[in-house]
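*Asks:* Sending over data34.pdb (PDB, C-alpha atoms).
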```
ATOM      1  CA  MET A   6       6.792  77.752  -3.456
ATOM      2  CA  ASP A   7       9.503  79.889  -5.027
ATOM      3  CA  ASP A   8      11.969  78.186  -2.677
ATOM      4  CA  LEU A   9      11.033  74.807  -4.164
ATOM      5  CA  TYR A  10      11.611  75.838  -7.783
ATOM      6  CA  ARG A  11      14.847  77.539  -6.877
ATOM      7  CA  ALA A  12      15.986  74.463  -4.976
ATOM      8  CA  ILE A  13      15.549  72.055  -7.905
ATOM      9  CA  ALA A  14      16.873  74.488 -10.514
ATOM     10  CA  ASP A  15      20.493  73.643  -9.716
ATOM     11  CA  PRO A  16      22.144  70.490 -11.090
ATOM     12  CA  THR A  17      24.290  69.920  -7.972
ATOM     13  CA  ARG A  18      21.192  70.097  -5.776
ATOM     14  CA  ARG A  19      19.400  67.654  -8.065
ATOM     15  CA  ALA A  20      22.390  65.282  -7.772
ATOM     16  CA  ILE A  21      22.179  65.577  -3.958
ATOM     17  CA  LEU A  22      18.505  64.551  -4.116
ATOM     18  CA  ASP A  23      19.373  61.643  -6.472
ATOM     19  CA  GLU A  24      21.950  60.352  -3.984
ATOM     20  CA  LEU A  25      19.563  60.666  -1.028
ATOM     21  CA  VAL A  26      16.898  58.765  -2.986
ATOM     22  CA  ASP A  27      19.540  56.078  -3.657
ATOM     23  CA  HIS A  28      20.286  55.870   0.070
ATOM     24  CA  ASN A  29      18.390  58.012   2.549
ATOM     25  CA  GLY A  30      19.964  59.375   5.728
ATOM     26  CA  GLN A  31      23.534  60.391   4.864
ATOM     27  CA  SER A  32      26.218  62.392   6.609
ATOM     28  CA  LEU A  33      27.733  65.384   4.845
ATOM     29  CA  PHE A  34      30.916  63.324   4.373
ATOM     30  CA  GLU A  35      29.120  60.480   2.591
ATOM     31  CA  LEU A  36      27.213  62.886   0.346
ATOM     32  CA  CYS A  37      30.398  64.724  -0.636
ATOM     33  CA  GLY A  38      32.121  61.406  -1.443
ATOM     34  CA  ARG A  39      29.240  60.301  -3.649
ATOM     35  CA  LEU A  40      29.040  63.659  -5.444
ATOM     36  CA  THR A  41      32.768  63.705  -6.136
ATOM     37  CA  LEU A  42      33.270  60.097  -7.204
ATOM     38  CA  LYS A  43      29.911  59.317  -8.845
ATOM     39  CA  HIS A  44      29.033  62.705 -10.357
ATOM     40  CA  GLY A  45      32.430  64.379 -10.759
ATOM     41  CA  ILE A  46      31.208  67.328  -8.688
ATOM     42  CA  GLY A  47      34.285  68.821  -7.042
ATOM     43  CA  SER A  48      32.548  71.397  -4.847
ATOM     44  CA  SER A  49      33.899  72.020  -1.362
ATOM     45  CA  ARG A  50      32.162  70.588   1.686
ATOM     46  CA  GLN A  51      31.152  74.110   2.582
ATOM     47  CA  ALA A  52      29.513  74.617  -0.820
ATOM     48  CA  ILE A  53      27.613  71.333  -0.480
ATOM     49  CA  SER A  54      26.579  72.393   3.010
ATOM     50  CA  GLN A  55      25.096  75.583   1.543
ATOM     51  CA  HIS A  56      23.251  73.600  -1.131
ATOM     52  CA  LEU A  57      21.815  71.439   1.644
ATOM     53  CA  GLU A  58      20.576  74.533   3.485
ATOM     54  CA  ILE A  59      18.692  75.646   0.371
ATOM     55  CA  LEU A  60      17.169  72.163  -0.017
ATOM     56  CA  GLU A  61      16.279  72.208   3.663
ATOM     57  CA  SER A  62      14.521  75.574   3.430
ATOM     58  CA  ALA A  63      12.484  74.205   0.498
ATOM     59  CA  GLY A  64      11.485  71.246   2.681
ATOM     60  CA  LEU A  65      13.129  68.708   0.349
ATOM     61  CA  VAL A  66      15.820  67.740   2.860
ATOM     62  CA  GLU A  67      15.422  67.179   6.575
ATOM     63  CA  VAL A  68      18.342  67.193   8.970
ATOM     64  CA  ARG A  69      18.082  64.803  11.885
ATOM     65  CA  ARG A  70      20.551  64.544  14.719
ATOM     66  CA  GLU A  71      21.400  61.164  16.144
ATOM     67  CA  GLY A  72      23.679  61.573  19.091
ATOM     68  CA  ARG A  73      26.814  63.326  17.897
ATOM     69  CA  TYR A  74      25.935  62.907  14.236
ATOM     70  CA  LYS A  75      23.879  64.800  11.687
ATOM     71  CA  PHE A  76      22.148  62.943   8.865
ATOM     72  CA  HIS A  77      20.307  64.275   5.818
ATOM     73  CA  TRP A  78      17.009  62.767   4.686
ATOM     74  CA  PHE A  79      15.087  63.286   1.450
ATOM     75  CA  ASN A  80      11.460  64.384   1.752
ATOM     76  CA  GLY A  81       9.501  64.341  -1.536
ATOM     77  CA  GLU A  82       6.314  65.764  -0.019
ATOM     78  CA  PRO A  83       6.763  69.341  -1.355
ATOM     79  CA  LEU A  84       6.991  67.966  -4.916
ATOM     80  CA  ARG A  85       3.288  67.024  -4.741
ATOM     81  CA  GLU A  86       2.505  70.730  -5.115
ATOM     82  CA  ILE A  87       4.021  70.680  -8.598
ATOM     83  CA  ALA A  88       1.898  67.725  -9.738
ATOM     84  CA  LYS A  89      -1.166  69.355  -8.199
ATOM     85  CA  ARG A  90      -0.556  72.570 -10.076
ATOM     86  CA  TRP A  91       0.305  70.911 -13.391
ATOM     87  CA  PRO A  92      -1.318  67.477 -13.545
ATOM     88  CA  THR A  93       1.053  64.877 -14.920
ATOM     89  CA  HIS A  94      -1.487  63.353 -17.355
ATOM     90  CA  LYS A  95      -1.917  64.818 -20.834
ATOM     91  CA  GLY A  96      -4.407  67.716 -20.848
ATOM     92  CA  ARG A  97      -7.486  67.793 -23.128
ATOM     93  CA  SER A  98      -7.284  70.207 -26.045
TER      94      SER A  98
ATOM     95  CA  MET B 236      61.819  58.823   4.723
ATOM     96  CA  ARG B 237      58.852  56.693   5.734
ATOM     97  CA  ILE B 238      55.735  57.201   7.826
ATOM     98  CA  ASN B 239      56.235  55.265  11.050
ATOM     99  CA  LEU B 240      53.466  56.789  13.189
ATOM    100  CA  ALA B 241      49.960  58.060  12.691
ATOM    101  CA  SER B 242      47.668  59.067  15.534
ATOM    102  CA  VAL B 243      44.059  59.354  16.596
ATOM    103  CA  PHE B 244      42.898  61.413  19.569
ATOM    104  CA  VAL B 245      40.951  59.279  22.011
ATOM    105  CA  ASP B 246      38.858  60.348  25.012
ATOM    106  CA  ASP B 247      39.789  57.266  27.060
ATOM    107  CA  GLN B 248      43.023  55.363  26.449
ATOM    108  CA  ASP B 249      41.882  52.145  28.185
ATOM    109  CA  ARG B 250      38.657  51.955  26.220
ATOM    110  CA  ALA B 251      40.558  52.827  23.055
ATOM    111  CA  LEU B 252      43.121  50.071  23.586
ATOM    112  CA  ARG B 253      40.311  47.566  24.110
ATOM    113  CA  PHE B 254      38.425  48.701  20.996
ATOM    114  CA  TYR B 255      41.453  48.847  18.707
ATOM    115  CA  THR B 256      42.749  45.427  19.826
ATOM    116  CA  GLU B 257      39.708  43.335  20.838
ATOM    117  CA  THR B 258      37.191  44.720  18.335
ATOM    118  CA  LEU B 259      39.312  45.826  15.373
ATOM    119  CA  GLY B 260      41.947  43.125  15.900
ATOM    120  CA  PHE B 261      45.129  45.235  15.985
ATOM    121  CA  LEU B 262      48.082  44.241  18.180
ATOM    122  CA  LYS B 263      49.427  46.312  21.061
ATOM    123  CA  LYS B 264      52.992  47.340  20.261
ATOM    124  CA  HIS B 265      53.870  49.893  22.945
ATOM    125  CA  ASP B 266      52.222  50.762  26.238
ATOM    126  CA  ILE B 267      54.551  53.031  28.197
ATOM    127  CA  PRO B 268      53.471  55.095  31.227
ATOM    128  CA  LEU B 269      54.063  58.767  30.532
ATOM    129  CA  GLY B 270      52.986  60.959  33.435
ATOM    130  CA  GLU B 271      49.214  61.194  33.579
ATOM    131  CA  TYR B 272      48.795  59.303  30.311
ATOM    132  CA  ARG B 273      50.466  56.468  28.387
ATOM    133  CA  TRP B 274      52.289  56.133  25.105
ATOM    134  CA  ILE B 275      50.161  53.482  23.436
ATOM    135  CA  THR B 276      50.596  52.259  19.889
ATOM    136  CA  VAL B 277      48.944  49.451  17.945
ATOM    137  CA  VAL B 278      49.899  47.765  14.682
ATOM    138  CA  SER B 279      48.113  45.592  12.174
ATOM    139  CA  PRO B 280      48.726  41.816  12.483
ATOM    140  CA  GLU B 281      49.029  41.900   8.676
ATOM    141  CA  ASP B 282      51.997  44.273   8.989
ATOM    142  CA  PRO B 283      53.422  44.173  12.533
ATOM    143  CA  ALA B 284      56.592  46.047  11.519
ATOM    144  CA  GLY B 285      54.566  48.672   9.667
ATOM    145  CA  THR B 286      53.045  52.009  10.609
ATOM    146  CA  GLU B 287      52.077  52.300  14.271
ATOM    147  CA  LEU B 288      48.851  53.989  15.282
ATOM    148  CA  VAL B 289      49.228  56.148  18.396
ATOM    149  CA  LEU B 290      46.200  56.285  20.715
ATOM    150  CA  GLU B 291      46.765  59.867  21.735
ATOM    151  CA  PRO B 292      44.981  61.430  24.747
ATOM    152  CA  ASP B 293      42.604  64.273  23.812
ATOM    153  CA  ALA B 294      43.637  66.405  26.796
ATOM    154  CA  HIS B 295      44.487  69.555  24.824
ATOM    155  CA  PRO B 296      41.450  71.890  24.942
ATOM    156  CA  ALA B 297      41.485  72.341  21.151
ATOM    157  CA  VAL B 298      40.988  68.642  20.485
ATOM    158  CA  LYS B 299      37.459  67.990  21.763
ATOM    159  CA  PRO B 300      35.673  70.669  19.677
ATOM    160  CA  PHE B 301      37.785  69.698  16.625
ATOM    161  CA  VAL B 302      36.935  65.987  16.868
ATOM    162  CA  ALA B 303      33.268  66.728  17.658
ATOM    163  CA  ALA B 304      32.925  69.002  14.620
ATOM    164  CA  LEU B 305      34.393  66.347  12.326
ATOM    165  CA  ALA B 306      32.119  63.659  13.765
ATOM    166  CA  GLU B 307      29.013  65.820  13.368
ATOM    167  CA  ASP B 308      29.602  66.021   9.621
ATOM    168  CA  GLY B 309      30.530  62.340   9.412
ATOM    169  CA  ILE B 310      34.204  63.036   8.606
ATOM    170  CA  PRO B 311      36.561  60.220   9.650
ATOM    171  CA  SER B 312      39.727  60.858  11.652
ATOM    172  CA  THR B 313      41.642  58.254   9.680
ATOM    173  CA  SER B 314      41.191  55.341   7.307
ATOM    174  CA  PHE B 315      42.180  51.667   7.253
ATOM    175  CA  ALA B 316      42.405  49.318   4.275
ATOM    176  CA  VAL B 317      40.480  46.038   4.226
ATOM    177  CA  GLN B 318      40.387  43.143   1.738
ATOM    178  CA  ASP B 319      36.673  42.395   2.001
ATOM    179  CA  ILE B 320      34.595  45.306   3.240
ATOM    180  CA  ALA B 321      31.289  43.401   3.233
ATOM    181  CA  ALA B 322      32.727  40.725   5.524
ATOM    182  CA  GLU B 323      34.408  43.300   7.784
ATOM    183  CA  HIS B 324      31.177  45.320   8.018
ATOM    184  CA  ARG B 325      29.221  42.182   8.991
ATOM    185  CA  ARG B 326      31.851  41.183  11.537
ATOM    186  CA  LEU B 327      32.016  44.621  13.189
ATOM    187  CA  GLU B 328      28.238  45.119  13.229
ATOM    188  CA  GLY B 329      27.984  41.714  14.872
ATOM    189  CA  LEU B 330      30.294  43.058  17.602
ATOM    190  CA  GLY B 331      27.969  46.033  18.133
ATOM    191  CA  VAL B 332      29.991  48.616  16.198
ATOM    192  CA  ARG B 333      27.903  51.514  14.999
ATOM    193  CA  PHE B 334      28.286  52.514  11.334
ATOM    194  CA  THR B 335      27.446  56.063  10.232
ATOM    195  CA  GLN B 336      27.985  55.046   6.610
ATOM    196  CA  GLN B 337      27.141  51.612   5.268
ATOM    197  CA  PRO B 338      29.523  50.156   2.642
ATOM    198  CA  THR B 339      29.099  52.469  -0.343
ATOM    199  CA  ASP B 340      30.366  51.804  -3.849
ATOM    200  CA  LEU B 341      32.158  54.941  -5.020
ATOM    201  CA  GLY B 342      33.646  53.550  -8.221
ATOM    202  CA  PRO B 343      37.320  52.750  -7.610
ATOM    203  CA  VAL B 344      36.716  52.093  -3.907
ATOM    204  CA  ILE B 345      34.039  50.858  -1.540
ATOM    205  CA  THR B 346      34.032  52.772   1.730
ATOM    206  CA  ALA B 347      32.244  52.607   5.067
ATOM    207  CA  VAL B 348      32.521  54.659   8.260
ATOM    208  CA  PHE B 349      32.106  53.559  11.875
ATOM    209  CA  ASP B 350      32.323  54.977  15.399
ATOM    210  CA  ASP B 351      35.404  53.933  17.417
ATOM    211  CA  THR B 352      33.596  54.624  20.758
ATOM    212  CA  CYS B 353      36.421  57.027  21.720
ATOM    213  CA  GLY B 354      35.249  60.137  19.857
ATOM    214  CA  ASN B 355      36.311  59.310  16.307
ATOM    215  CA  LEU B 356      34.802  58.136  13.108
ATOM    216  CA  ILE B 357      37.007  55.687  11.222
ATOM    217  CA  GLN B 358      36.775  54.921   7.531
ATOM    218  CA  ILE B 359      37.488  51.502   6.048
ATOM    219  CA  THR B 360      38.114  51.141   2.332
ATOM    220  CA  GLN B 361      38.358  48.274  -0.091
ATOM    221  CA  GLU B 362      40.104  49.048  -3.349
ATOM    222  CA  LYS B 363      38.477  47.344  -6.262
ATOM    223  CA  ALA B 364      40.623  45.282  -8.592
ATOM    224  CA  PRO B 365      41.208  47.199 -11.839
ATOM    225  CA  SER B 366      38.794  45.827 -14.431
TER     226      SER B 366
END
```
For this file, produce the structure as structure tokens.
*Replies:*
Amino acid sequence: MDDLYRAIADPTRRAILDELVDHNGQSLFELCGRLTLKHGIGSSRQAISQHLEILESAGLVEVRREGRYKFHWFNGEPLREIAKRWPTHKGRS
Amino acid sequence: MRINLASVFVDDQDRALRFYTETLGFLKKHDIPLGEYRWITVVSPEDPAGTELVLEPDAHPAVKPFVAALAEDGIPSTSFAVQDIAAEHRRLEGLGVRFTQQPTDLGPVITAVFDDTCGNLIQITQEKAPS
């Protein structure tokens, strides 16, 4: 669980998830283009690659190979744990 | 000084010449036998006297791992300009071209990336008119 909270604590990693929700299954190149031009995030490809590894270890991003290519997919499943732990409706006082 | 040549490494010059002319629509400018390989260049019909693209053999041992590493991360080897990216995307998909990036609006430009069947990814871009 700690991996999950750490993964979503960083604004660049949240922007990566936003872009994958906008269009799932992206190459590293497409993600970097979107982050630079839509979010003004000027991180290097290598830095984005490291962010993706952290998201992957938290289970929020899956990497799938198709032939010679590598695509990144969003997986929201781990976020259920947060809603389970802290229900999203207003608690009774 | 002007840029007269640009090149892409291709794993098969015959297949590359077919793809760059028949599928993309470029014109063959030079095709000169050169030992084991050929000196092949293509130009755009929109600018036949303009920059020539060399279809360069990938025989040097450093090329294959370099091109493969770029392709894995979706990084294009070069980029071409188009007027109407939606139409070009439809046309190329209709010809069986595989896109690794669908047309994506990035603000000042719309870009897409496809596989040239010879080892490379190629980007196409449409510049948006300034609003």
*Asks:* Which residues, named as in the file, does the PyMOL selection byres ((chain B) within 10 of (chain A)) pick out? Answer as an MDAnalysis selection string.
*Replies:* chainID B and resid 303:311 335:337 339:344 346:348 354
*Asks:* Quick one: write out the picked residues with C-alpha atoms as an mmCIF file, keeping the file's coordinate frame?
*Replies:*
```cif
data_model
loop_
_atom_site.group_PDB
_atom_site.id
_atom_site.type_symbol
_atom_site.label_atom_id
_atom_site.label_comp_id
_atom_site.auth_asym_id
_atom_site.auth_seq_id
_atom_site.Cartn_x
_atom_site.Cartn_y
_atom_site.Cartn_z
ATOM 1 C CA ALA B 303 33.268 66.728 17.658
ATOM 2 C CA ALA B 304 32.925 69.002 14.620
ATOM 3 C CA LEU B 305 34.393 66.347 12.326
ATOM 4 C CA ALA B 306 32.119 63.659 13.765
ATOM 5 C CA GLU B 307 29.013 65.820 13.368
ATOM 6 C CA ASP B 308 29.602 66.021 9.621
ATOM 7 C CA GLY B 309 30.530 62.340 9.412
ATOM 8 C CA ILE B 310 34.204 63.036 8.606
ATOM 9 C CA PRO B 311 36.561 60.220 9.650
ATOM 10 C CA THR B 335 27.446 56.063 10.232
ATOM 11 C CA GLN B 336 27.985 55.046 6.610
ATOM 12 C CA GLN B 337 27.141 51.612 5.268
ATOM 13 C CA THR B 339 29.099 52.469 -0.343
ATOM 14 C CA ASP B 340 30.366 51.804 -3.849
ATOM 15 C CA LEU B 341 32.158 54.941 -5.020
ATOM 16 C CA GLY B 342 33.646 53.550 -8.221
ATOM 17 C CA PRO B 343 37.320 52.750 -7.610
ATOM 18 C CA VAL B 344 36.716 52.093 -3.907
ATOM 19 C CA THR B 346 34.032 52.772 1.730
ATOM 20 C CA ALA B 347 32.244 52.607 5.067
ATOM 21 C CA VAL B 348 32.521 54.659 8.260
ATOM 22 C CA GLY B 354 35.249 60.137 19.857
#
```
*Asks:* What is the distance between CA of Val243 in chain B and CA of Thr360 in chain B, in Å to one decimal?
*Replies:*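 Separation of CA of Val243 in chain B and CA of Thr360 in chain B: 17.5 Å.
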*Asks:* If you apply the PyMOL selection byres ((chain A and resi 78) around 8) to this file, what residues do you get, as JSON, numbers by chain?
*Replies:* {"A": [25, 29, 30, 31, 66, 67, 68, 69, 76, 77, 79, 80]}
*Asks:* Near Phe349 in chain B, counting all atoms listed in the file, which residues have an atom at most 8 Å away, once you skip same-chain residues fewer than 5 positions from it, shown as a list in words?
*Replies:* Val332, Arg333, Phe334, Thr335, Gln336, Leu356, Ile357 and Gln358 of chain B
*Asks:* Give me the box for range 253-259 of chain B as lines of an AutoDock Vina configuration file, namely the centre and edge lengths in Å to one decimal of a box along x, y and z that holds every listed atom plus 5 Å on each side.
*Replies:*
```
center_x = 40.0
center_y = 46.1
center_z = 19.7
size_x = 15.6
size_y = 15.5
size_z = 18.7
```
*Asks:* Residue by residue, what does the PyMOL selection byres ((chain B and resi 241) around 7) grab here? Present the result as a PDB file with C-alpha atoms, in the coordinates of the input.
*Replies:*
```pdb
ATOM      1  CA  LEU B 240      53.466  56.789  13.189  1.00  0.00           C
ATOM      2  CA  SER B 242      47.668  59.067  15.534  1.00  0.00           C
ATOM      3  CA  GLU B 287      52.077  52.300  14.271  1.00  0.00           C
ATOM      4  CA  LEU B 288      48.851  53.989  15.282  1.00  0.00           C
ATOM      5  CA  VAL B 289      49.228  56.148  18.396  1.00  0.00           C
TER       6      VAL B 289
END
```
*Asks:* When you count only C-alpha atoms, which of these residues is closest to Glu328 in chain B: B:Ser279, B:Asp350, B:Ala316, B:Gln361?
*Replies:*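 When distances to Glu328 in chain B are compared using only C-alpha atoms, the smallest one comes from B:Asp350.
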*Asks:* Which polymer residues have any atom within 10 Å of an atom of Ser62 in chain A, counting all atoms listed in the file, with same-chain residues fewer than 3 positions away left out, as a list of chain:residue names?
*Replies:*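 Once the nearby chain positions are removed, what remains is A:Asp8, A:Leu9, A:Ala12, A:Leu57, A:Glu58, A:Ile59, A:Leu65, A:Val66, A:Glu67.
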*Asks:* Hey, which of B:Cys353, B:Val278, B:Val245, B:Leu330 ends up closest to Leu290 in chain B? Count all atoms listed in the file.
*Replies:*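 Among B:Cys353, B:Val278, B:Val245, B:Leu330, it is B:Val245 that comes nearest to Leu290 in chain B.
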*Asks:* CA of Ile359 in chain B and CA of Ile320 in chain B are how many Å apart?
*Replies:* 7.4 Å
